[in-house]
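A short worksheet on the structure shown next.
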Amino acid sequence: MVIDQVRVLVVDDSPTTRSMLREALDLAGGIEVVGEANDGAEAVALTTESQPDVVLMDIRMPRGDGIRAAREITSRYPATKVVALTWMDDAGTVRDMLAAGAIGYVVKGGTMDELASAIRRAKAGEPELDHRVLPAAVDDLRRLLEEEVGRREEIERLDRARAEFVQVLSHELRTPLTVITGTLKMLRAGELPDEQAQVVDSAIRRAGQLEFMIEGIELLAAPSTEGTAHPLDAVQAAADRIGSDPDMTDVADQPWEGISQSALHRVAIELLSNAVRHGRRPIRVATRLEAGQGYLVVRDAGGWSATEGDFAAFYQRDMSETRSHGGFGLGLFVASRLCQANGGELTVHAREGWTVAEARFRLR
């Protein structure tokens with residue numbers, strides 16, 4: 001059986017060390033030294049020229065260190081593997097070299113069989129850590145994991161604080177809003193001149209819009225990826241909410257696991273409302289499942305596309321029928337962030353004369 005040679009570039013600032021390594025690797029069998037470099041800069045240049053399978057890299061050299069060279073080589077030539085060969089066995093150096101992309105780390109003074117094994121494993125994409133640096137590397141990894149746990153706990157604490165703040169804020173907004181809405185409805189129930197009745201009706205609608213906005217902010221503060229959503233129910237409820245049905249629907253009556261009904265319902269409301277208010281009929285609503293993702297797609301004949309950055313909070317431009325300018329208010333901002341909270345995204349673009357709003361969710 002013919003075994004492919006492992007093509008190796010040796011990098012070390014000592015000519016004597018390079019010569020000894022070349023001779024020893026030639027005797028190891030199955031390894032061909034295709035070049036020698038005196039420093040990191042020369043290592044990068046020779047890697048470009050000879051495209052070795054493995055670069056055997058010293059770390060500290062007078063002109064250009066091995067860590068910087070390893071980072072550049074692994075970035076520019078992913079197929080070339082880097083194995084560190086050095087006297088340095090401290091945890092910081094090991095971490096820096098591995099972070100630079102090295103797949104192996106061998107401390108000088110070991111056997112040639114150990115070095116040849118590390119080279120062969122590197123070509124196969126298998127990592128190799130010298131047993132002399134393994135304890136320090138494990139301790140370093142343990143410390144990094146402990147720091148990561150601390151960061152996660154801090155993020156969770158901030159998330160809880162944010163959710164609590166939004167809950168308190170929404171409660172403080174809802175209480176006076178309920179009083180205001182009740183008072184307006186009581187006034188409307190009485191005998192009012194037409195002009196005053198119109199003003200009260202407008203105020204009641206505005207209060208309802210404000211309450212709807214508060215509901216959206218609450219959803220953003222505590223998005224849930226638990227539960228089961230029913231797209232058909234969400235689309236029908238959205239149509240009932242805005243008082244307008246789509247012209248065509250192709251919505252499968254199949255549950256979506258991993259997204260709450262309230263989140264899907266809210267996104268359906270925003271997309272359908274945007275099409276009804278600012279688009280052109282006919283309006284088509286469809287859903288599909290694809291590779292563990294759920295898609296809710298609303299099309300209208302507006303032929304308009306969002307520009308990058310339009311999904312910013314409180315960002316609003318002219319949304320006239322001609323749609324000469326893009327941009328959204330809070331509604332589609334809420335919808336886009338709900339998609340993101342559920343592992344997806346919201347896009348709005350023009351396709352063959354249609355405005356296509358596509359909400360994607362990651363499902364379980």
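Residues are referred to by chain and number: the chain letter is A, B, ... according to the order shown in the structure tokens, the number counts from 1 in that chain, and ligands are numbered separately from 1 in the order shown.
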Open item on the list: Need to verify the contact set: stretch 205-217 of chain A, 9 Å, only C-alpha atoms, exclusion of same-chain residues closer than 4 positions in sequence. Can you return it as a ChimeraX atom specification?
Closed with: /A:166,170,173-174,177-178,180-181,200-201,221-222,263,266,330-331,334-335
TODO: Go through stretch 50-186 of chain A and collect every residue that DSSP, computed from the backbone, puts in helix (DSSP H, G or I); the answer should be as a PyMOL selection string.
DONE: chain A and resi 50+66-76+91-99+112-123+134-186
Task: Residue neighbourhood A:Glu23, 12 Å, only C-alpha atoms, exclusion window fewer than 4 positions, as a PyMOL selection string - done: chain A and resi 10+16-19+27-29+31-33+112
Wanna dump the stretch 182-281 of chain A-stretch 297-300 of chain A contacts at 8 Å for me, each residue with its shortest atom pair and the distance in Å to one decimal, counting only C-alpha atoms, ordered by chain and number, as a Markdown table?
```
| residue | atom | partner | partner_atom | distance |
| --- | --- | --- | --- | --- |
| A:Leu271 | CA | A:Val298 | CA | 6.4 |
| A:Leu272 | CA | A:Val298 | CA | 6.6 |
| A:Ala275 | CA | A:Asp300 | CA | 6.0 |
| A:Gly279 | CA | A:Asp300 | CA | 5.9 |
| A:Arg280 | CA | A:Asp300 | CA | 5.6 |
| A:Arg281 | CA | A:Asp300 | CA | 5.8 |
```
Next, write the just-selected residues to a file, as a tab-separated table (two decimals), in the first residue's frame, keeping C-alpha atoms as the atom set.
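Resulting contents of out.tsv:
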```tsv
chain	number	residue	atom	x	y	z
A	271	LEU	CA	-46.64	41.60	8.52
A	272	LEU	CA	-50.28	41.44	7.46
A	275	ALA	CA	-49.23	44.77	3.69
A	279	GLY	CA	-48.97	47.70	0.20
A	280	ARG	CA	-51.21	46.87	-2.72
A	281	ARG	CA	-53.57	43.98	-3.21
```
TODO: Between atom CA of A:Arg162 and atom CA of A:Gln261, measure the distance and give it in Å to one decimal.
DONE: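 Straight-line distance from atom CA of A:Arg162 to atom CA of A:Gln261 works out to 22.4 Å.
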TODO: Rank A:Leu184, A:Leu363, A:Val55, A:Val356 by their smallest atom-to-atom distance to A:Ala197, using only C-alpha atoms, and report the top residue only.
DONE: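 With only C-alpha atoms as the atom set, the closest residue is A:Leu184.
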TODO: Name the residues of stretch 28-69 of chain A that come out as strand (DSSP E or B) in a backbone DSSP run; write them as an MDAnalysis selection string.
DONE: chainID A and resid 31:37 54:57
Open item on the list: Please list as JSON, numbers by chain every residue within 8 Å of A:Gly343, counting only C-alpha atoms and excluding residues in the same chain fewer than 4 positions away.
Closed with: {"A": [339, 361, 362]}
So that I have them on file, write out the residues from the current selection with N, CA and C atoms, as a CSV table (one decimal), in the first residue's frame.
```csv
chain,number,residue,atom,x,y,z
A,339,CYS,N,-38.4,37.5,15.7
A,339,CYS,CA,-37.7,36.5,14.9
A,339,CYS,C,-36.3,36.2,15.4
A,361,PHE,N,-38.2,31.3,11.7
A,361,PHE,CA,-38.1,30.9,13.1
A,361,PHE,C,-37.4,29.6,13.1
A,362,ARG,N,-36.5,29.4,14.1
A,362,ARG,CA,-35.9,28.1,14.3
A,362,ARG,C,-36.9,27.3,15.2
```
TODO: Could you check which of A:Glu114, A:Asp250, A:Glu290, A:Asp159 is closest to A:Leu85, using only C-alpha atoms?
DONE: A:Glu114
TODO: In Å, rounded to a single decimal, give me how far atom CA of A:Glu42 is from atom CA of A:Arg22.
DONE: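 Atom-to-atom, atom CA of A:Arg22 to atom CA of A:Glu42, that is 17.2 Å.
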- [ ] Enter the distance from atom CA of A:Tyr77 to atom CA of A:Ile103, in Å, rounded to one decimal.
- [x] 13.6 Å
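Proximity to A:Ser117 was assessed for A:Ile59, A:Leu296, A:Leu9, A:Leu129 counting only C-alpha atoms; the smallest distance is recorded for A:Leu129.
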Open item on the list: For a quick check of understanding, using only C-alpha atoms, which of A:Arg364, A:Asn342, A:Asp53, A:Gly182 has the smallest distance to A:Pro255?
Closed with: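 Going through A:Arg364, A:Asn342, A:Asp53, A:Gly182 one by one, the smallest distance to A:Pro255 is for A:Arg364.
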Open item on the list: Could you list, as a PyMOL selection string, every residue within 12 Å of A:Val199, counting only C-alpha atoms and ignoring same-chain residues fewer than 5 positions away?
Closed with: chain A and resi 184-185+187-188+192-194+204-206
TODO: Between A:Gly292, A:Val54, A:Ser244, A:Val267, single out the one closest to A:Gln340, counting only C-alpha atoms.
DONE: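 Ranking A:Gly292, A:Val54, A:Ser244, A:Val267 by distance to A:Gln340, first place goes to A:Val267.
Closest to A:Arg284 among A:Leu115, A:Ala43, A:Met248, A:Ala70 is A:Met248, based on only C-alpha atoms.
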- [ ] Write out as a PyMOL selection string the residues lying within 10 Å of A:Ser336, counting only C-alpha atoms and excluding same-chain residues fewer than 6 positions away.
- [x] chain A and resi 267+270+311-312+330+344-347+358-360
